[in-house]
file start-v3.txt (compact mmCIF, C-alpha atoms)
# COMPACT_ATOMS: atom_id res chain seq x y z
CA GLU A 1 0.00 0.00 0.00
CA THR A 2 2.90 2.34 0.69
CA ALA A 3 4.34 1.59 -2.75
CA ARG A 4 0.98 2.25 -4.41
CA LEU A 5 0.66 5.59 -2.62
CA ASP A 6 4.25 6.50 -3.53
CA ALA A 7 3.52 5.73 -7.19
CA LEU A 8 0.46 8.00 -7.05
CA LEU A 9 2.62 10.86 -5.73
CA GLN A 10 5.47 10.35 -8.16
CA ASP A 11 4.40 12.77 -10.90
CA PHE A 12 2.58 15.35 -8.75
CA GLY A 13 3.40 18.98 -9.43
CA ASP A 14 3.08 21.85 -6.98
CA ALA A 15 -0.62 22.29 -7.76
CA GLU A 16 -1.38 18.69 -6.77
CA TRP A 17 0.75 18.84 -3.61
CA HIS A 18 -1.21 21.87 -2.42
CA ALA A 19 -4.63 20.53 -3.46
CA PRO A 20 -7.08 20.71 -0.52
CA VAL A 21 -7.94 17.43 1.24
CA ARG A 22 -10.52 16.94 3.96
CA LEU A 23 -9.56 14.26 6.49
CA ARG A 24 -12.66 12.57 7.90
CA TRP A 25 -13.21 10.35 10.93
CA PHE A 26 -15.87 9.49 13.52
CA GLU A 27 -15.45 10.33 17.21
CA ASP A 28 -17.93 10.24 20.13
CA ASP A 29 -20.67 9.23 17.67
CA THR A 30 -20.08 12.43 15.68
CA ALA A 31 -18.55 12.92 12.23
CA ARG A 32 -15.34 14.99 12.42
CA ASN A 33 -13.19 16.51 9.70
CA ARG A 34 -10.00 18.52 9.29
CA ARG A 35 -8.87 20.46 6.25
CA THR A 36 -5.31 20.04 5.01
CA THR A 37 -3.47 19.51 1.72
CA VAL A 38 -1.98 16.52 -0.09
CA ALA A 39 1.39 17.41 1.47
CA GLY A 40 -0.32 17.71 4.85
CA VAL A 41 -1.71 14.17 4.52
CA ILE A 42 1.79 12.79 3.89
CA ALA A 43 3.05 14.76 6.90
CA HIS A 44 0.25 13.11 8.91
CA LEU A 45 1.32 9.63 7.76
CA LEU A 46 4.96 10.48 8.54
CA SER A 47 3.99 11.58 12.05
CA VAL A 48 1.91 8.49 12.82
CA ASP A 49 4.47 6.11 11.30
CA GLY A 50 6.90 7.64 13.80
CA LEU A 51 5.07 5.74 16.55
CA ILE A 52 6.10 2.43 14.97
CA ALA A 53 9.57 3.78 14.22
CA THR A 54 10.24 4.69 17.85
CA ALA A 55 8.90 1.32 19.04
CA LEU A 56 11.48 -0.30 16.76
CA GLY A 57 14.28 1.97 17.99
CA LEU A 58 14.37 4.06 14.81
CA GLU A 59 14.46 7.83 14.63
CA ASP A 60 11.27 9.76 15.41
CA PRO A 61 10.52 12.26 12.59
CA LEU A 62 9.19 14.74 15.14
CA ALA A 63 12.67 14.85 16.71
CA GLU A 64 13.77 16.73 13.58
CA VAL A 65 11.00 19.33 13.85
CA ALA A 66 12.17 22.45 15.65
CA GLY A 67 9.92 23.20 18.62
CA ALA A 68 8.38 19.73 18.91
CA THR A 69 8.67 18.77 22.57
CA ALA A 70 9.11 15.35 24.16
CA GLU A 71 5.52 15.61 25.43
CA GLN A 72 4.24 16.22 21.89
CA ARG A 73 6.28 13.29 20.56
CA ALA A 74 4.62 11.06 23.16
CA LEU A 75 1.10 11.99 22.02
CA GLY A 76 -1.23 9.81 19.97
CA PRO A 77 -1.74 10.09 16.19
CA ALA A 78 -3.87 13.26 16.19
CA GLY A 79 -1.71 15.11 18.73
CA ARG A 80 1.51 14.24 16.91
CA THR A 81 0.07 15.34 13.58
CA GLU A 82 -1.13 18.67 14.97
CA ALA A 83 2.29 19.18 16.58
CA PHE A 84 4.03 18.48 13.26
CA TRP A 85 1.76 20.84 11.35
CA ARG A 86 2.02 23.56 14.00
CA THR A 87 5.75 23.46 14.68
CA SER A 88 7.09 22.82 11.18
CA ARG A 89 9.04 25.78 9.87
CA PHE A 90 6.90 25.91 6.74
CA PRO A 91 3.56 24.34 5.78
CA PRO A 92 4.24 20.87 4.33
CA THR A 93 5.25 20.86 0.67
CA ARG A 94 6.38 18.19 -1.78
CA SER A 95 9.64 18.00 0.20
CA VAL A 96 7.82 15.87 2.79
CA ARG A 97 7.72 12.95 0.37
CA GLY A 98 11.45 12.22 0.79
CA PRO A 99 11.42 11.77 4.60
CA TRP A 100 8.15 9.80 4.46
CA ARG A 101 9.54 7.52 1.73
CA GLU A 102 12.84 6.99 3.58
CA GLN A 103 11.02 6.22 6.84
CA SER A 104 8.72 3.76 5.03
CA HIS A 105 11.72 1.87 3.65
CA SER A 106 13.31 1.78 7.12
CA LEU A 107 10.12 0.44 8.70
CA VAL A 108 9.58 -2.33 6.18
CA ARG A 109 13.27 -3.28 6.17
CA THR A 110 13.50 -3.36 9.98
CA VAL A 111 10.28 -5.35 10.44
CA SER A 112 11.36 -7.86 7.80
CA PHE A 113 14.68 -8.36 9.66
CA THR A 114 13.00 -8.90 13.02
CA GLY A 115 11.13 -11.97 11.75
CA GLY A 116 9.18 -13.60 14.59
CA HIS A 117 11.42 -12.17 17.31
CA ALA A 118 9.41 -8.94 17.66
CA GLY A 119 6.05 -10.69 17.87
CA GLY A 120 5.55 -9.49 21.44
CA LEU A 121 6.51 -5.89 20.70
CA ALA A 122 3.67 -3.44 21.35
CA VAL A 123 3.24 -0.08 19.60
CA SER A 124 1.63 2.61 21.76
CA TYR A 125 -0.87 5.00 20.19
CA GLY A 126 -1.38 6.99 23.38
CA ASP A 127 -4.67 5.59 24.68
CA PHE A 128 -4.32 2.11 23.18
CA GLU A 129 -1.70 -0.34 21.96
CA LEU A 130 -1.35 -2.68 19.00
CA SER A 131 1.04 -5.54 18.46
CA LEU A 132 3.72 -4.81 15.85
CA HIS A 133 1.95 -7.13 13.38
CA ASP A 134 -1.37 -5.32 13.83
CA ALA A 135 0.32 -1.90 13.78
CA MET A 136 1.70 -2.71 10.33
CA LEU A 137 -1.77 -3.82 9.18
CA ASP A 138 -3.18 -0.58 10.58
CA ARG A 139 -0.47 1.32 8.73
CA ALA A 140 -1.39 -0.39 5.43
CA PHE A 141 -5.05 0.49 6.00
CA ALA A 142 -4.14 4.15 6.67
CA CYS A 143 -2.00 4.29 3.51
CA TRP A 144 -4.91 3.03 1.40
CA VAL A 145 -7.55 5.28 3.02
CA HIS A 146 -5.43 8.42 2.73
CA ALA A 147 -4.25 7.52 -0.78
CA ASP A 148 -7.93 7.35 -1.70
CA ASP A 149 -8.45 10.77 -0.04
CA ILE A 150 -5.60 12.19 -2.11
CA ALA A 151 -6.83 10.56 -5.33
CA ASP A 152 -10.28 12.10 -4.77
CA ALA A 153 -8.68 15.51 -4.23
CA VAL A 154 -6.84 15.40 -7.56
CA ASP A 155 -9.63 13.55 -9.42
CA TYR A 156 -7.60 10.40 -10.06
CA PRO A 157 -8.92 6.81 -10.00
CA TYR A 158 -7.61 4.59 -7.21
CA ARG A 159 -8.40 0.93 -6.65
CA PRO A 160 -8.90 -0.86 -3.31
CA PRO A 161 -6.17 -3.20 -2.03
CA ALA A 162 -5.87 -6.75 -3.35
CA PRO A 163 -8.60 -8.93 -1.80
CA ARG A 164 -6.15 -11.01 0.27
CA HIS A 165 -4.72 -7.81 1.76
CA LEU A 166 -8.11 -6.20 2.28
CA ASN A 167 -9.29 -9.32 4.11
CA LYS A 168 -6.45 -8.92 6.64
CA MET A 169 -7.45 -5.28 7.24
CA ILE A 170 -11.08 -6.30 7.75
CA ASP A 171 -9.96 -9.02 10.16
CA LEU A 172 -8.02 -6.45 12.21
CA ALA A 173 -11.10 -4.21 12.47
CA ALA A 174 -13.28 -7.20 13.46
CA ARG A 175 -10.79 -8.18 16.18
CA MET A 176 -10.81 -4.63 17.53
CA LEU A 177 -14.61 -4.39 17.71
CA PRO A 178 -15.09 -6.12 21.12
CA GLY A 179 -12.71 -3.62 22.73
CA ALA A 180 -14.43 -0.73 20.95
CA LEU A 181 -17.81 -1.93 22.24
CA ALA A 182 -16.43 -2.00 25.80
CA GLU A 183 -15.15 1.57 25.36
CA ARG A 184 -18.59 2.67 24.20
CA ARG A 185 -20.14 1.21 27.35
CA ARG A 186 -17.59 2.96 29.57
CA ALA A 187 -18.26 6.28 27.78
CA GLY A 188 -22.05 5.86 28.08
CA LEU A 189 -22.48 5.83 24.30
CA SER A 190 -23.99 2.36 23.89
CA ALA A 191 -27.72 1.68 23.81
CA PRO A 192 -29.31 1.60 27.30
CA GLN A 193 -29.96 -2.15 27.11
CA SER A 194 -26.30 -2.78 26.26
CA ARG A 195 -24.78 -0.73 29.08
CA ILE A 196 -25.17 -3.62 31.52
CA PRO A 197 -23.38 -6.52 29.80
CA HIS A 198 -24.31 -10.15 30.22
CA LEU A 199 -21.13 -11.04 32.09
CA VAL A 200 -19.42 -14.30 31.24
CA ALA A 201 -16.10 -15.78 32.32
CA ALA A 202 -13.03 -14.96 30.23
CA GLY A 203 -12.81 -17.37 27.33
CA ALA A 204 -16.44 -18.45 27.66
CA PRO A 205 -19.00 -18.03 24.85
CA GLY A 206 -21.33 -15.05 25.10
CA ARG A 207 -23.93 -13.07 23.16
CA SER A 208 -22.61 -12.52 19.66
CA LEU A 209 -23.27 -10.69 16.43
CA ARG A 210 -22.46 -12.38 13.13
CA LEU A 211 -20.60 -9.93 10.89
CA GLU A 212 -20.86 -11.09 7.29
CA ILE A 213 -18.60 -9.26 4.84
CA GLU A 214 -19.49 -9.82 1.22
CA GLY A 215 -17.15 -9.53 -1.77
CA ALA A 216 -13.79 -10.97 -2.77
CA ALA A 217 -12.21 -9.90 0.54
CA GLY A 218 -15.12 -11.11 2.63
CA GLY A 219 -15.77 -13.67 5.31
CA GLU A 220 -17.67 -14.07 8.57
CA TRP A 221 -16.74 -13.03 12.10
CA LEU A 222 -18.62 -13.70 15.34
CA ILE A 223 -18.27 -10.55 17.46
CA PRO A 224 -18.71 -11.00 21.25
CA LEU A 225 -20.99 -8.19 22.42
CA ASP A 226 -20.58 -8.06 26.18
CA SER A 227 -16.88 -8.49 26.92
CA PRO A 228 -13.60 -8.40 24.96
CA ALA A 229 -12.62 -11.54 26.91
CA ALA A 230 -15.67 -13.51 25.77
CA VAL A 231 -15.65 -15.80 22.75
CA GLY A 232 -18.01 -15.26 19.82
CA SER A 233 -20.44 -18.15 19.53
CA ALA A 234 -23.00 -19.15 16.92
CA ASP A 235 -25.04 -20.72 19.73
CA PHE A 236 -25.45 -17.29 21.35
CA GLU A 237 -25.99 -15.32 18.13
CA VAL A 238 -28.49 -12.48 18.65
CA ALA A 239 -27.97 -10.47 15.45
CA HIS A 240 -26.61 -10.73 11.91
CA VAL A 241 -25.22 -7.85 9.82
CA ALA A 242 -24.05 -8.03 6.19
CA LEU A 243 -21.94 -5.38 4.43
CA ASP A 244 -19.85 -5.15 1.27
CA ASP A 245 -16.09 -5.44 1.92
CA THR A 246 -15.07 -1.95 0.78
CA GLU A 247 -18.16 -0.40 2.38
CA PHE A 248 -17.25 -1.92 5.74
CA CYS A 249 -13.74 -0.44 5.38
CA GLN A 250 -15.22 2.98 4.55
CA LEU A 251 -17.34 2.67 7.69
CA ALA A 252 -14.29 1.72 9.79
CA ALA A 253 -12.41 4.67 8.27
CA GLY A 254 -15.17 7.05 9.39
CA HIS A 255 -15.96 7.98 5.79
CA ILE A 256 -19.62 6.97 5.90
CA PRO A 257 -21.97 7.46 8.89
CA PRO A 258 -23.24 4.28 10.56
CA GLU A 259 -26.83 5.29 9.81
CA GLU A 260 -26.05 5.39 6.08
CA ALA A 261 -24.21 2.07 5.85
CA ALA A 262 -26.27 -0.03 3.43
CA VAL A 263 -26.49 -3.25 5.42
CA GLY A 264 -28.59 -6.34 5.74
CA GLN A 265 -29.76 -6.52 9.35
CA VAL A 266 -31.49 -9.29 11.29
CA GLY A 267 -31.94 -9.57 15.05
CA ASP A 268 -31.26 -7.33 18.06
CA ARG A 269 -31.47 -3.75 16.75
CA GLU A 270 -29.59 -2.23 19.67
CA ALA A 271 -26.73 -4.70 19.26
CA ILE A 272 -26.57 -3.93 15.53
CA ARG A 273 -26.51 -0.18 16.17
CA ASP A 274 -23.76 -0.52 18.76
CA VAL A 275 -21.56 -2.60 16.45
CA LEU A 276 -22.00 -0.22 13.50
CA PHE A 277 -21.18 2.81 15.66
CA ALA A 278 -18.26 0.96 17.25
CA ALA A 279 -16.91 0.18 13.76
CA ALA A 280 -17.09 3.86 12.80
CA GLY A 281 -15.45 4.74 16.12
CA LEU A 282 -12.37 2.73 15.15
CA SER A 283 -11.47 5.61 12.84
CA ARG A 284 -9.18 8.46 13.80
CA MET A 285 -7.55 11.43 12.18

call {"tool": "encode", "arguments": {"input": "start-v3.txt", "output": "structure tokens"}}
result
Amino acid sequence: ETARLDALLQDFGDAEWHAPVRLRWFEDDTARNRRTTVAGVIAHLLSVDGLIATALGLEDPLAEVAGATAEQRALGPAGRTEAFWRTSRFPPTRSVRGPWREQSHSLVRTVSFTGGHAGGLAVSYGDFELSLHDAMLDRAFACWVHADDIADAVDYPYRPPAPRHLNKMIDLAARMLPGALAERRRAGLSAPQSRIPHLVAAGAPGRSLRLEIEGAAGGEWLIPLDSPAAVGSADFEVAHVALDDTEFCQLAAGHIPPEEAAVGQVGDREAIRDVLFAAAGLSRM
């Protein structure tokens, strides 16, 4: 995905680099957006990739930005991006492609050398962590989503990832949904009926929603509804949702509101609503 994005940028002139882009995500059940440029999007990816770089012992790109403090470098994706935009000497231009490209090569090269030895390494995103493997999947997803944002801004066609790659990104989102549902309960955002979970022992089957993803990258996932430690079970299925593969990814990217996701729905309406909103809530700037 990084290589595809780099190829898209290869022949951009100054006009394309400064084309306006609106970053979109979903937070606290509300659609959010932030205006930037094509160069600003690459600066955003550079800043967020720095979280993986520092976890691997590589240089943090924010360390090169005059005025960026240690506290800002320790922030999550949005805080780091805002710090980069705010403290950079000049607004991002095409010159940001070189550092982003060099960092991308370093990340891929370093991860390939680690093999299975870094399997337990965690990458901190401020208020949550991902394993190195999942952080690289998340990074691929971000490259595709933001490449699509850039392609829209310059009116250029851009295809989704290969189905086998897209399936891995969908699987990551599905695995993150139980934790996102728990966060919704803690924040008081879930439906009233769902705020008091049906507690089960860790590793035991519990109420579940069947997430059916259609298309070449599709599959089925049983999402435990009441605890991240529960196991999804067909015997305790209370709802069934079906979405197209790319549409589910657009939902998880915060690019379409949960209410507008064209889905097939059967079963517990509150459970379905919570899962759709939790999927949108996986998005971030």

call {"tool": "atom_distance", "arguments": {"input": "start-v3.txt", "atom1": "atom CA of A:Ala140", "atom2": "atom CA of A:His165"}}
result
8.9 Å

call {"tool": "closest_atom_pairs", "arguments": {"input": "start-v3.txt", "of": "stretch 133-215 of chain A", "to": "stretch 264-269 of chain A", "cutoff": "10 Å", "atoms": "only C-alpha atoms", "output": "Markdown table"}}
result
| residue | atom | partner | partner_atom | distance |
| --- | --- | --- | --- | --- |
| A:Ala191 | CA | A:Arg269 | CA | 9.7 |
| A:Leu209 | CA | A:Asp268 | CA | 8.8 |
| A:Arg210 | CA | A:Val266 | CA | 9.7 |
| A:Leu211 | CA | A:Gln265 | CA | 9.9 |
| A:Glu212 | CA | A:Gly264 | CA | 9.2 |

call {"tool": "residues_around", "arguments": {"input": "start-v3.txt", "residues": "stretch 172-181 of chain A", "least_positions_apart": "6", "cutoff": "7 Å", "atoms": "only C-alpha atoms", "output": "ChimeraX atom specification"}}
result
/A:134,221,223-225,227-228,275,278-279

call {"tool": "residues_around", "arguments": {"input": "start-v3.txt", "residues": "stretch 161-164 of chain A", "least_positions_apart": "5", "cutoff": "10 Å", "atoms": "only C-alpha atoms", "output": "list of chain:residue names"}}
result
A:Glu1, A:Arg4, A:Ala140, A:Phe141, A:Trp144, A:Val145, A:Met169, A:Gly215, A:Ala216, A:Ala217, A:Gly218, A:Asp245, A:Thr246

call {"tool": "atom_distance", "arguments": {"input": "start-v3.txt", "atom1": "atom CA of A:Pro157", "atom2": "atom CA of A:Ser95"}}
result
24.0 Å

call {"tool": "residues_near_point", "arguments": {"input": "start-v3.txt", "point": "(7.3, 0.5, 13.0)", "cutoff": "10 Å", "atoms": "only C-alpha atoms", "output": "list in words"}}
result
Val48, Asp49, Gly50, Leu51, Ile52, Ala53, Thr54, Ala55, Leu56, Gly57, Leu58, Gln103, Ser104, Ser106, Leu107, Val108, Arg109, Thr110, Val111, Ala122, Val123, Leu132, His133, Ala135, Met136 and Arg139 of chain A

call {"tool": "atom_distance", "arguments": {"input": "start-v3.txt", "atom1": "atom CA of A:Ser283", "atom2": "atom CA of A:His255"}}
result
8.7 Å

call {"tool": "closest_residue", "arguments": {"input": "start-v3.txt", "among": "A:Gln10, A:Ile150, A:Arg80, A:Ala229", "to": "A:Val65", "atoms": "only C-alpha atoms"}}
result
A:Arg80

call {"tool": "closest_residue", "arguments": {"input": "start-v3.txt", "among": "A:Asp226, A:Asp244, A:Asp11, A:Glu259", "to": "A:Ala271", "atoms": "all atoms listed in the file"}}
result
A:Asp226

call {"tool": "residues_around", "arguments": {"input": "start-v3.txt", "residues": "A:Ala15", "least_positions_apart": "6", "cutoff": "12 Å", "atoms": "only C-alpha atoms", "output": "JSON, numbers by chain"}}
result
{"A": [37, 38, 39, 93, 94, 153, 154]}

call {"tool": "write_last_selection", "arguments": {"input": "start-v3.txt", "atoms": "C-alpha atoms", "output": "PDB file, keeping the file's coordinate frame"}}
result
ATOM      1  CA  THR A  37      -3.470  19.510   1.720  1.00  0.00           C
ATOM      2  CA  VAL A  38      -1.980  16.520  -0.090  1.00  0.00           C
ATOM      3  CA  ALA A  39       1.390  17.410   1.470  1.00  0.00           C
ATOM      4  CA  THR A  93       5.250  20.860   0.670  1.00  0.00           C
ATOM      5  CA  ARG A  94       6.380  18.190  -1.780  1.00  0.00           C
ATOM      6  CA  ALA A 153      -8.680  15.510  -4.230  1.00  0.00           C
ATOM      7  CA  VAL A 154      -6.840  15.400  -7.560  1.00  0.00           C
TER       8      VAL A 154
END

call {"tool": "residues_around", "arguments": {"input": "start-v3.txt", "residues": "A:His146", "least_positions_apart": "4", "cutoff": "12 Å", "atoms": "only C-alpha atoms", "output": "ChimeraX atom specification"}}
result
/A:1-2,4-6,8-9,21-25,36-45,139-142,150-153,158,160,250,253-255,284-285
